Amino acid sequence: MKQARGSVALAVCMITLLLAGCGGSGGGGTTTTTDTTPPTVSSTSPASSAAGIAPNAAITATFSETLAASSVTATSFTLNNGATGTVTYSGTTATFTPSSNLAYATVYTATISTAVTDVASNAMASTYTWTFTTGGLSVANLTDPLAAQQWGLHNTAQNGYADTVGVANTTGTLGTDVNVDSVYTSYGYTGKGVTVAVVDSGLEIAHEDLSANVVSGGSWNFINNSTDPTNATATTGDHGTMVSGLIAMAINGIGGVGVAPNAKLKGFNFISSSQLLADHVASLGGSTASPNSSDVFIFNQSTGTSNKTESTENATLEAQYAYGTSTLRGSKGALYVKSAGNGFTDFGTAKCSTASGGAANALGVSCQNANFDPDNTLPYNIVVAALDAKGVKVSYSSAGSTIWASAPGGYYGRNTAAYTAAGLAPPATGSIAFDPAMVTTDQSGCSLGESVSTTPTASAGPFSFFNWGGTNLSSINLNCNYTNAMNGTSSAAPMMSGVIALILEANPALTWREVKDILAKTAVQVDASRAAINTALSDGTYTAEQAWVTNAAGFKFHNWYGFGAVNGKAAVDMARSYTSGSLGIFANTGWISSGTLSVVIPDNSVAGASATLTVPSVGTSGKVEAVQIKIATTNILNGWTGDLGIELTSPSGTKSILKNIKDGLIGSNFVAMVFNSNAFYGESSTGTWTAKVVDGWSSGTQTLTNVQIRVYGH
Amino acid sequence: MNIRLITLLITLITLPTLAQAAGKSAAVANKATVMQNSKNSTSIISNQQQYQLLTDVRAAEKLGGEQPQQTVARASGGKLVETKGSFVIFTAAPQTKASVNSSFGTTSYPTVMNLHTQGIGVLPGTLSVKLKNMSNATAVANDHGLGVVRVFAHLQAVFYRVKPGQDVVVAAASLSSDPRVASAEVEVIENVATSQ
């Protein structure tokens with residue numbers, strides 16, 4: 001083929017010489033050399049058989065000689081597996097730039113066809129191909145520029161654009177992140193096929209890092225009855241948009257990534273609306289149209305009520321949760337994930353701080369118990385507490401026996417220098433203000449959201465250079481579409497929702513209770529040396545909050561952490577081999593009453609007032625999943641419900657504190673408020689349970705008049 | 001968590017904090033006054049809680065970007081009592097009917113007080129109704145002059161809304177006496193959810 005082509009070229013030249021002189025302009029006797037050598041590929045990038053290639057890498061081929069530029073096209077230089085891109089040529093190098101990221105952990109074949117020619121029109125002698133393999137999905141391989149600072153996803157002791165750093169989760173078992181990097185690397189799970197509803201203030205459905213994952217027409221705005229819940233009124237940040245980013249920011253080379261970056265999102269802006277009960281039911285799976293919430297797998301509720309007095313669950317809402325867990329997702333049950341609350345130190349009542357007459361802060365117990373929100377006391381909700389970047393409870397995270405597990409929530413993400421640059425005095429060095437918060441999506445643009453301007457305003461901040469946006473920090477947040485200041489148990493819940501999305505992708509057959517079981521069994525014990533909180537009452541020392549307790553079924557539990565920090569890798573590993581059906585049928589004992597009591601609760605005494613309740617086997621195996629109690633009290637002389645501590649001891653001897661003494665609850669007496677404990681998980685329900693109510697205050701006269709218990713299990 | 005609120009706590013900027021505290025004290029005083037004025041008014045049971053109608057307290061929803069006092073002014077109200085989610089609660093001319101009223105484009109809602117918690121609730125004009133047969137949902141609405149908000153057949157529940165001027169407590173009583181109705185409750189919004 002090469003010889004024949006040379007002969008043709010020679011003949012063409014001779015004919016040309018005869019007609020006009022071959023290559024000469026003045027008949028000067030110039031000798032012309034004919035190029036008959038076809039071009040060859042001298043090198044490629046990536047090299048042939050290379051592995052671990054970044055998904056956004058440009059593919060190049062360098063040739064032995066200059067090519068005819070017009071021959072280097074998207075049809076002569078291609079990549080398989082459906083990859084498209086633009087092809088350019090410069091010098092002797094042709095470049096294929098993928099139009100979108102290549103798939104992770106995939107073998108690609110690049111091809112240079114014989115349509116490529118040199119300037120003398122010599123074509124490639126034969127098609128040239130080579131292969132390379134893209135790297136597996138991992139945070140380190142992501143091209144999304146903010147991913148490297150998302151400590152909650154993969155803690156490398158980065159600072160999240162704050163001043164301080166957390167603790168690198170080098171073993172994957174420290175609880176300083178959700179430990180999902182090895183889930184990506186090992187299995188490639190990213191939440192595909194899982195729909196998560198963000199029941200919140202809104203969802204900016206057109207956000208550059210969310211839109212790819214938003215279910216088209218699947219969201220709902222309860223204010224204007226449309227499918228666009230983009231928050232039109234918030235100016236300082238849309239909470240739901242920030243929450244959504246933590247779940248499912250897309251892998252797209254911009255912004256950050258969510259825990260489940262291929263999960264689908266629906267946004268229901270319930271808390272921005274009038275909060276009608278009908279809309280609440282509709283946003284939690286009770287509706288098939290306007291919106292359709294019935295196809296949702298996971299409902300993320302980074303919301304809560306800050307009730308300061310007794311509050312009770314609405315029966316219709318409770319029925320919806322029961323329906324959602326029994327009927328949705330093909331009767332395997334939707335997962336309801338809920339924030340514990342942010343009221344450990346304060347939740348808007350004067351009963352927290354010593355200065356305002358409260359005692360919770362001084363004692364060191366949670367001023368707001370997670371049980372104060374009636375939704376949190378339902379076994380259907382997975383209640384999540386918040387951790388800092390060092391794997392310890394953040395100061396604000398409400399504690400309580402109804403917490404299931406913990407996840408990263410973070411602090412405030414600020415920079416000392418941002419204060420001084422704005423002419424303000426910063427908080428003291430070492431303040432939690434400078435500890436990492438969560439990096440996530442913010443309202444788009446520099447006029448809305450937490451990241452709002454290149455020029456900070458005085459008292460309103462922002463107090464991090466990241467949130468100044470614009471050209472600060474090398475323009476990493478140029479258009480102010482992201483924030484590094486999201487925090488709260490509002491952040492912990494979506495981190496948990498993301499992990500559950502990975503679990504459900506790994507094993508879609510799991511029921512909601514099986515997912516809870518996996519989370520409990522795989523959680524990481526954090527802050528293991530946390531001591532009990534003891535206080536002196538008039539007649540002895542009272543344990544106001546216990547240290548970690550190991551129950552009779554072997555589960556470790558702490559009121560600050562539930563079963564511990566979520567461990568994504570361990571949970572997914574267990575999910576992959578989990579035998580469905582092992583938990584049996586979900587049952588409960590119904591309310592079992594002590595009958596009418598009249599036991600004075602002694603003031604400031606460890607003795608307390610007790611009542612025993614005999615409980616039968618719940619379900620067929622008698623194994624406990626959750627225990628609710630409610631007490632009734634009368635109050636004849638200036639007592640507060642906040643004075644009272646409530647304990648419950650199981651037949652196996654495990655004690656759980658369902659409400660701390662001296663917390664922030666106000667009100668004179670209990671009538672029907674429900675408290676839940678998960679501390680007895682896996683124990684036997686059968687036998688005598690003992691409820692004890694302790695009055696930690698030295699004044700007021702309160703009497704215990706009734707105790708009721710309801711055990712859920714199988 | 002709202003960063004602006006945290007900023008207030010951390011930076012402890014004195015003047016705005018004091019002003020806020022003063023405003024809060026005034027609201028508490030207003031609340032005590034209106035509760036005193038509403039003794040012996042209509043009693044309501046909702047979600048196992050006993051409420052009493054606050055005859056001279058109304059609520060209106062904030063419009064986007066509106067400050068509570070602006071809402072009060074738009075609704076021709078008196079003193080600001082408190083805010084509750086999207087609702088602003090304020091003193092108003094006494095009304096014996098628990099009706100939702102619209103005037104000059106502003107809708108105002110009746111309010112109640114929880115006799116146990118002393119908390120104020122808003123009556124948004126909706127009723128939570130359990131029907132014996134869900135196929136009667138529309139007929140029941142028509143017969144009682146109500147609008148259908150949402151039907152949840154799986155819960156045997158339907159939510160109705162009263163028409164402007166219609167007394168929601170009277171409507172609940174009327175529904176409760178309807179043999180097709182298993183139960184009917186006035187909806188009370190007392191505890192609102194916020195971002196955490």
# chains A, B, ... in the order shown; residues from 1 in each chain; ligands from 1
>>> closest_atom_pairs(of="chain B", to="chain A", cutoff="6 Å", atoms="only C-alpha atoms", output="tab-separated table")
residue	atom	partner	partner_atom	distance
B:Met1	CA	A:Gly488	CA	5.2
B:Asn47	CA	A:Asn314	CA	5.9
B:Gly64	CA	A:Thr233	CA	5.1
B:Gly65	CA	A:Thr233	CA	6.0
B:Ser86	CA	A:Ser274	CA	5.9
B:Thr117	CA	A:Thr309	CA	5.8
B:Val192	CA	A:Thr305	CA	5.8
B:Ala193	CA	A:Thr305	CA	4.5
B:Thr194	CA	A:Thr303	CA	5.4
B:Ser195	CA	A:Thr303	CA	4.5
B:Gln196	CA	A:Ser490	CA	4.8
>>> residues_around(residues="Asn142 (chain B)", least_positions_apart="6", cutoff="12 Å", atoms="only C-alpha atoms", output="number ranges by chain")
B: 136, 148, 160-163, 175
>>> write_last_selection(atoms="N, CA and C atoms", output="mmCIF file, in the first residue's frame")
data_model
loop_
_atom_site.group_PDB
_atom_site.id
_atom_site.type_symbol
_atom_site.label_atom_id
_atom_site.label_comp_id
_atom_site.auth_asym_id
_atom_site.auth_seq_id
_atom_site.Cartn_x
_atom_site.Cartn_y
_atom_site.Cartn_z
ATOM 1 N N ASN B 136 -67.794 9.543 50.632
ATOM 2 C CA ASN B 136 -68.672 10.666 50.966
ATOM 3 C C ASN B 136 -67.918 11.990 51.119
ATOM 4 N N VAL B 148 -62.860 21.218 50.019
ATOM 5 C CA VAL B 148 -61.984 20.079 50.286
ATOM 6 C C VAL B 148 -60.532 20.528 50.108
ATOM 7 N N TYR B 160 -60.992 19.637 55.414
ATOM 8 C CA TYR B 160 -61.888 20.625 54.829
ATOM 9 C C TYR B 160 -61.440 22.017 55.251
ATOM 10 N N ARG B 161 -61.911 23.008 54.483
ATOM 11 C CA ARG B 161 -61.634 24.402 54.827
ATOM 12 C C ARG B 161 -62.953 25.175 54.841
ATOM 13 N N VAL B 162 -63.105 26.018 55.853
ATOM 14 C CA VAL B 162 -64.318 26.826 55.917
ATOM 15 C C VAL B 162 -64.245 27.956 54.902
ATOM 16 N N LYS B 163 -65.400 28.457 54.538
ATOM 17 C CA LYS B 163 -65.474 29.621 53.649
ATOM 18 C C LYS B 163 -65.268 30.887 54.485
ATOM 19 N N LEU B 175 -70.310 19.032 61.659
ATOM 20 C CA LEU B 175 -69.756 17.793 61.095
ATOM 21 C C LEU B 175 -69.862 16.638 62.095
#
>>> select_by_dssp(residues="region 427-588 of chain A", states="strand (DSSP E)", output="list of chain:residue names")
A:Met438, A:Val439, A:Thr440, A:Thr441, A:Tyr482, A:Thr483, A:Asn484, A:Ala485, A:Met486, A:Ile533, A:Asn534, A:Thr535, A:Ala536, A:Leu537, A:Gly540, A:Thr541, A:Tyr542, A:Thr543, A:Ala544, A:Glu545, A:Val549, A:Thr550, A:Lys556, A:Phe557, A:Ala587, A:Asn588
>>> residues_around(residues="Gly400 (chain A)", least_positions_apart="6", cutoff="7 Å", atoms="only C-alpha atoms", output="list in words")
Asn369, Ala370, Asn371, Asn559, Trp560 and Leu658 of chain A
>>> write_last_selection(atoms="N, CA and C atoms", output="tab-separated table (two decimals), in the first residue's frame")
chain	number	residue	atom	x	y	z
A	369	ASN	N	-34.29	18.44	75.62
A	369	ASN	CA	-34.16	17.01	75.37
A	369	ASN	C	-34.71	16.72	73.98
A	370	ALA	N	-34.06	15.82	73.28
A	370	ALA	CA	-34.56	15.46	71.94
A	370	ALA	C	-35.98	14.91	72.01
A	371	ASN	N	-36.38	14.44	73.16
A	371	ASN	CA	-37.74	13.93	73.34
A	371	ASN	C	-38.79	15.03	73.40
A	559	ASN	N	-26.88	8.82	75.64
A	559	ASN	CA	-27.93	9.79	75.31
A	559	ASN	C	-27.45	10.92	74.40
A	560	TRP	N	-26.16	11.14	74.34
A	560	TRP	CA	-25.65	12.18	73.45
A	560	TRP	C	-25.47	11.66	72.03
A	658	LEU	N	-34.64	9.06	80.41
A	658	LEU	CA	-35.43	9.58	79.29
A	658	LEU	C	-35.62	11.09	79.37
>>> atom_distance(atom1="CA of Ile251 (chain A)", atom2="CA of Val392 (chain A)")
29.1 Å
>>> residues_around(residues="Leu335 (chain A)", least_positions_apart="5", cutoff="9 Å", atoms="only C-alpha atoms", output="PyMOL selection string")
chain A and resi 296-300+324-325+380-382+497+500+511-513+515-516
>>> write_last_selection(atoms="C-alpha atoms", output="short mmCIF file (atom, residue, chain, number, x, y, z; two decimals), in the first residue's frame")
data_model
loop_
_atom_site.label_atom_id
_atom_site.label_comp_id
_atom_site.auth_asym_id
_atom_site.auth_seq_id
_atom_site.Cartn_x
_atom_site.Cartn_y
_atom_site.Cartn_z
CA VAL A 296 -39.84 8.66 48.04
CA PHE A 297 -37.38 6.30 49.70
CA ILE A 298 -35.99 8.63 52.35
CA PHE A 299 -37.61 11.66 53.94
CA ASN A 300 -35.03 14.03 55.38
CA GLY A 324 -45.13 5.35 55.35
CA THR A 325 -43.02 2.74 57.09
CA TYR A 380 -40.49 5.52 62.77
CA ASN A 381 -38.01 8.39 62.91
CA ILE A 382 -34.26 7.91 62.90
CA SER A 497 -29.85 10.30 54.74
CA ILE A 500 -28.94 5.40 53.97
CA THR A 511 -36.93 -2.89 55.22
CA TRP A 512 -36.85 0.35 57.17
CA ARG A 513 -36.32 -1.56 60.41
CA VAL A 515 -31.77 -0.32 57.91
CA LYS A 516 -32.14 0.90 61.50
#
>>> atom_distance(atom1="CA of Ser538 (chain A)", atom2="CA of Ser698 (chain A)")
8.4 Å
>>> residues_around(residues="region 219-223 of chain A", least_positions_apart="6", cutoff="6 Å", atoms="only C-alpha atoms", output="PyMOL selection string")
chain A and resi 229+266-269+273+291
>>> write_last_selection(atoms="N, CA and C atoms", output="mmCIF file, in the first residue's frame")
data_model
loop_
_atom_site.group_PDB
_atom_site.id
_atom_site.type_symbol
_atom_site.label_atom_id
_atom_site.label_comp_id
_atom_site.auth_asym_id
_atom_site.auth_seq_id
_atom_site.Cartn_x
_atom_site.Cartn_y
_atom_site.Cartn_z
ATOM 1 N N PRO A 229 -40.106 24.719 44.451
ATOM 2 C CA PRO A 229 -40.018 25.224 45.825
ATOM 3 C C PRO A 229 -38.812 26.109 46.073
ATOM 4 N N LYS A 266 -36.198 15.462 45.832
ATOM 5 C CA LYS A 266 -37.453 16.196 45.752
ATOM 6 C C LYS A 266 -37.455 17.181 46.916
ATOM 7 N N GLY A 267 -37.965 18.351 46.682
ATOM 8 C CA GLY A 267 -38.031 19.339 47.754
ATOM 9 C C GLY A 267 -39.467 19.701 48.073
ATOM 10 N N PHE A 268 -39.817 19.621 49.338
ATOM 11 C CA PHE A 268 -41.155 20.009 49.798
ATOM 12 C C PHE A 268 -40.982 21.110 50.840
ATOM 13 N N ASN A 269 -41.406 22.326 50.520
ATOM 14 C CA ASN A 269 -41.094 23.471 51.395
ATOM 15 C C ASN A 269 -42.116 23.633 52.513
ATOM 16 N N SER A 273 -44.262 27.183 54.697
ATOM 17 C CA SER A 273 -45.682 27.387 54.437
ATOM 18 C C SER A 273 -46.440 27.622 55.747
ATOM 19 N N PRO A 291 -48.045 17.111 46.010
ATOM 20 C CA PRO A 291 -46.995 16.430 45.255
ATOM 21 C C PRO A 291 -47.185 14.920 45.317
#
>>> residues_around(residues="Ser108 (chain B)", least_positions_apart="4", cutoff="8 Å", atoms="only C-alpha atoms", output="ChimeraX atom specification")
/B:58-61,75,100-102
>>> write_last_selection(atoms="N, CA and C atoms", output="PDB file, in the first residue's frame")
ATOM      1  N   ARG B  58     -56.007  37.929  66.845  1.00  0.00           N
ATOM      2  CA  ARG B  58     -56.097  37.356  65.497  1.00  0.00           C
ATOM      3  C   ARG B  58     -54.680  37.063  64.992  1.00  0.00           C
ATOM      4  N   ALA B  59     -54.636  36.374  63.895  1.00  0.00           N
ATOM      5  CA  ALA B  59     -53.341  36.071  63.265  1.00  0.00           C
ATOM      6  C   ALA B  59     -53.439  36.343  61.777  1.00  0.00           C
ATOM      7  N   ALA B  60     -52.336  36.703  61.180  1.00  0.00           N
ATOM      8  CA  ALA B  60     -52.251  36.878  59.724  1.00  0.00           C
ATOM      9  C   ALA B  60     -50.896  36.353  59.269  1.00  0.00           C
ATOM     10  N   GLU B  61     -50.837  35.960  58.022  1.00  0.00           N
ATOM     11  CA  GLU B  61     -49.571  35.432  57.507  1.00  0.00           C
ATOM     12  C   GLU B  61     -48.700  36.548  56.967  1.00  0.00           C
ATOM     13  N   ALA B  75     -52.964  44.145  58.517  1.00  0.00           N
ATOM     14  CA  ALA B  75     -54.198  43.483  58.965  1.00  0.00           C
ATOM     15  C   ALA B  75     -55.028  44.389  59.868  1.00  0.00           C
ATOM     16  N   VAL B 100     -62.574  32.797  59.664  1.00  0.00           N
ATOM     17  CA  VAL B 100     -61.473  33.352  58.877  1.00  0.00           C
ATOM     18  C   VAL B 100     -62.039  34.524  58.083  1.00  0.00           C
ATOM     19  N   ASN B 101     -61.418  35.667  58.221  1.00  0.00           N
ATOM     20  CA  ASN B 101     -61.956  36.867  57.569  1.00  0.00           C
ATOM     21  C   ASN B 101     -60.967  37.405  56.549  1.00  0.00           C
ATOM     22  N   SER B 102     -61.508  37.940  55.490  1.00  0.00           N
ATOM     23  CA  SER B 102     -60.676  38.606  54.502  1.00  0.00           C
ATOM     24  C   SER B 102     -61.151  40.031  54.348  1.00  0.00           C
TER      25      SER B 102
END
>>> select_by_dssp(residues="region 378-607 of chain A", states="helix (DSSP H, G or I)", output="CSV table (one decimal) with N, CA and C atoms, in the first residue's frame")
chain,number,residue,atom,x,y,z
A,416,THR,N,-10.6,34.0,61.8
A,416,THR,CA,-10.3,35.2,62.6
A,416,THR,C,-10.0,36.4,61.8
A,417,ALA,N,-9.2,36.2,60.7
A,417,ALA,CA,-8.8,37.3,59.9
A,417,ALA,C,-10.0,38.0,59.2
A,418,ALA,N,-11.1,37.2,59.0
A,418,ALA,CA,-12.3,37.8,58.4
A,418,ALA,C,-12.9,38.9,59.3
A,419,TYR,N,-12.8,38.6,60.6
A,419,TYR,CA,-13.3,39.6,61.5
A,419,TYR,C,-12.5,40.8,61.5
A,420,THR,N,-11.2,40.6,61.6
A,420,THR,CA,-10.3,41.8,61.7
A,420,THR,C,-10.4,42.6,60.4
A,421,ALA,N,-10.5,41.9,59.3
A,421,ALA,CA,-10.6,42.6,58.0
A,421,ALA,C,-11.8,43.4,57.9
A,432,ILE,N,-15.2,27.9,69.3
A,432,ILE,CA,-15.8,27.0,68.3
A,432,ILE,C,-16.2,27.7,67.0
A,433,ALA,N,-16.3,29.0,67.1
A,433,ALA,CA,-16.6,29.8,65.9
A,433,ALA,C,-15.7,29.4,64.7
A,434,PHE,N,-14.4,29.1,65.1
A,434,PHE,CA,-13.4,28.8,64.0
A,434,PHE,C,-13.2,27.4,63.7
A,465,PHE,N,-13.7,33.8,54.8
A,465,PHE,CA,-13.3,34.3,53.5
A,465,PHE,C,-14.0,33.5,52.4
A,466,PHE,N,-14.3,32.3,52.7
A,466,PHE,CA,-15.0,31.5,51.7
A,466,PHE,C,-16.4,32.1,51.4
A,467,ASN,N,-17.1,32.5,52.4
A,467,ASN,CA,-18.4,33.1,52.2
A,467,ASN,C,-18.4,34.6,51.8
A,468,TRP,N,-17.2,35.1,51.7
A,468,TRP,CA,-17.1,36.4,51.0
A,468,TRP,C,-17.2,36.3,49.5
A,472,ASN,N,-12.0,36.0,46.5
A,472,ASN,CA,-11.3,35.5,47.7
A,472,ASN,C,-11.0,34.0,47.5
A,473,LEU,N,-9.9,33.6,48.2
A,473,LEU,CA,-9.5,32.2,48.2
A,473,LEU,C,-9.4,31.7,46.8
A,474,SER,N,-8.7,32.5,46.0
A,474,SER,CA,-8.4,32.1,44.6
A,474,SER,C,-9.7,31.8,43.8
A,475,SER,N,-10.8,32.6,44.1
A,475,SER,CA,-12.1,32.5,43.4
A,475,SER,C,-12.7,31.1,43.5
A,489,THR,N,-27.9,20.0,63.8
A,489,THR,CA,-28.3,18.7,63.6
A,489,THR,C,-29.1,18.6,62.3
A,490,SER,N,-29.4,19.8,61.7
A,490,SER,CA,-29.9,19.9,60.3
A,490,SER,C,-28.8,19.4,59.3
A,491,SER,N,-27.6,19.5,59.7
A,491,SER,CA,-26.5,18.9,58.8
A,491,SER,C,-26.3,17.4,59.1
A,492,ALA,N,-26.5,17.1,60.3
A,492,ALA,CA,-26.3,15.6,60.6
A,492,ALA,C,-27.3,14.8,60.0
A,493,ALA,N,-28.5,15.2,59.9
A,493,ALA,CA,-29.6,14.4,59.3
A,493,ALA,C,-29.4,14.1,57.9
A,494,PRO,N,-29.0,15.1,57.0
A,494,PRO,CA,-28.8,14.8,55.6
A,494,PRO,C,-27.6,13.9,55.4
A,495,MET,N,-26.6,14.1,56.3
A,495,MET,CA,-25.4,13.2,56.1
A,495,MET,C,-25.9,11.7,56.4
A,496,MET,N,-26.7,11.5,57.3
A,496,MET,CA,-27.3,10.2,57.6
A,496,MET,C,-28.2,9.8,56.4
A,497,SER,N,-29.0,10.7,55.9
A,497,SER,CA,-29.8,10.3,54.7
A,497,SER,C,-29.0,9.8,53.6
A,498,GLY,N,-27.9,10.5,53.4
A,498,GLY,CA,-27.0,10.1,52.3
A,498,GLY,C,-26.5,8.7,52.5
A,499,VAL,N,-26.0,8.4,53.7
A,499,VAL,CA,-25.5,7.1,54.0
A,499,VAL,C,-26.6,6.0,53.7
A,500,ILE,N,-27.8,6.4,54.2
A,500,ILE,CA,-28.9,5.4,54.0
A,500,ILE,C,-29.2,5.2,52.5
A,501,ALA,N,-29.0,6.2,51.7
A,501,ALA,CA,-29.2,6.1,50.2
A,501,ALA,C,-28.2,5.1,49.7
A,502,LEU,N,-27.0,5.1,50.2
A,502,LEU,CA,-26.0,4.1,49.8
A,502,LEU,C,-26.3,2.7,50.2
A,503,ILE,N,-26.9,2.6,51.4
A,503,ILE,CA,-27.3,1.3,51.9
A,503,ILE,C,-28.4,0.7,51.1
A,504,LEU,N,-29.3,1.6,50.7
A,504,LEU,CA,-30.5,1.1,49.9
A,504,LEU,C,-30.1,0.8,48.5
A,505,GLU,N,-29.1,1.4,48.0
A,505,GLU,CA,-28.5,1.1,46.7
A,505,GLU,C,-27.9,-0.3,46.8
A,506,ALA,N,-27.1,-0.5,47.9
A,506,ALA,CA,-26.4,-1.8,48.1
A,506,ALA,C,-27.4,-2.9,48.2
A,512,TRP,N,-37.3,-0.8,56.4
A,512,TRP,CA,-36.8,0.3,57.2
A,512,TRP,C,-36.3,-0.1,58.5
A,513,ARG,N,-36.8,-1.1,59.1
A,513,ARG,CA,-36.3,-1.6,60.4
A,513,ARG,C,-35.0,-2.2,60.3
A,514,GLU,N,-34.8,-2.9,59.1
A,514,GLU,CA,-33.5,-3.6,58.9
A,514,GLU,C,-32.4,-2.5,58.7
A,515,VAL,N,-32.7,-1.4,58.0
A,515,VAL,CA,-31.8,-0.3,57.9
A,515,VAL,C,-31.4,0.2,59.3
A,516,LYS,N,-32.4,0.4,60.1
A,516,LYS,CA,-32.1,0.9,61.5
A,516,LYS,C,-31.3,-0.1,62.2
A,517,ASP,N,-31.6,-1.4,62.1
A,517,ASP,CA,-30.8,-2.4,62.7
A,517,ASP,C,-29.3,-2.3,62.3
A,518,ILE,N,-29.1,-2.2,61.0
A,518,ILE,CA,-27.7,-2.1,60.5
A,518,ILE,C,-27.0,-0.9,61.0
A,519,LEU,N,-27.7,0.2,61.1
A,519,LEU,CA,-27.1,1.5,61.6
A,519,LEU,C,-26.7,1.3,63.1
A,520,ALA,N,-27.6,0.6,63.9
A,520,ALA,CA,-27.3,0.4,65.3
A,520,ALA,C,-26.1,-0.6,65.5
A,521,LYS,N,-26.1,-1.6,64.6
A,521,LYS,CA,-25.0,-2.6,64.8
A,521,LYS,C,-23.6,-2.1,64.3
A,522,THR,N,-23.6,-1.2,63.4
A,522,THR,CA,-22.3,-0.8,62.8
A,522,THR,C,-21.9,0.6,63.3
A,568,GLY,N,-20.5,4.5,57.4
A,568,GLY,CA,-21.0,4.1,56.1
A,568,GLY,C,-20.5,2.8,55.5
A,569,LYS,N,-19.2,2.6,55.6
A,569,LYS,CA,-18.6,1.4,55.0
A,569,LYS,C,-19.1,0.2,55.7
A,570,ALA,N,-19.1,0.2,57.0
A,570,ALA,CA,-19.5,-1.0,57.8
A,570,ALA,C,-21.0,-1.2,57.5
A,571,ALA,N,-21.8,-0.2,57.4
A,571,ALA,CA,-23.2,-0.3,57.2
A,571,ALA,C,-23.5,-0.9,55.8
A,572,VAL,N,-22.8,-0.4,54.8
A,572,VAL,CA,-23.0,-1.0,53.5
A,572,VAL,C,-22.5,-2.4,53.4
A,573,ASP,N,-21.4,-2.7,54.0
A,573,ASP,CA,-20.9,-4.1,54.0
A,573,ASP,C,-21.9,-5.0,54.6
A,574,MET,N,-22.5,-4.6,55.8
A,574,MET,CA,-23.5,-5.4,56.4
A,574,MET,C,-24.8,-5.5,55.5
A,575,ALA,N,-25.1,-4.4,54.9
A,575,ALA,CA,-26.3,-4.4,54.0
A,575,ALA,C,-26.2,-5.4,52.9
A,576,ARG,N,-25.0,-5.5,52.4
A,576,ARG,CA,-24.8,-6.4,51.2
A,576,ARG,C,-25.0,-7.9,51.6
A,577,SER,N,-24.8,-8.2,52.8
A,577,SER,CA,-25.0,-9.6,53.2
A,577,SER,C,-26.2,-9.8,54.2
>>> residues_around(residues="Lys332 (chain A)", least_positions_apart="3", cutoff="7 Å", atoms="only C-alpha atoms", output="list in words")
Ser326, Thr327, Leu328, Arg329, Leu510, Thr511 and Trp512 of chain A
>>> write_last_selection(atoms="C-alpha atoms", output="PDB file, in the first residue's frame")
ATOM      1  CA  SER A 326     -45.441  -0.080  56.418  1.00  0.00           C
ATOM      2  CA  THR A 327     -46.563   0.688  52.873  1.00  0.00           C
ATOM      3  CA  LEU A 328     -44.188   2.894  50.887  1.00  0.00           C
ATOM      4  CA  ARG A 329     -41.192   1.566  48.960  1.00  0.00           C
ATOM      5  CA  LEU A 510     -33.980  -4.020  53.146  1.00  0.00           C
ATOM      6  CA  THR A 511     -36.932  -2.890  55.224  1.00  0.00           C
ATOM      7  CA  TRP A 512     -36.847   0.349  57.170  1.00  0.00           C
TER       8      TRP A 512
END
>>> atom_distance(atom1="CA of Gln95 (chain B)", atom2="CA of Arg150 (chain B)")
28.7 Å
>>> closest_residue(among="A:Ala691, A:Met438, A:Ala359, A:Cys480", to="Asn155 (chain A)", atoms="only C-alpha atoms")
A:Met438
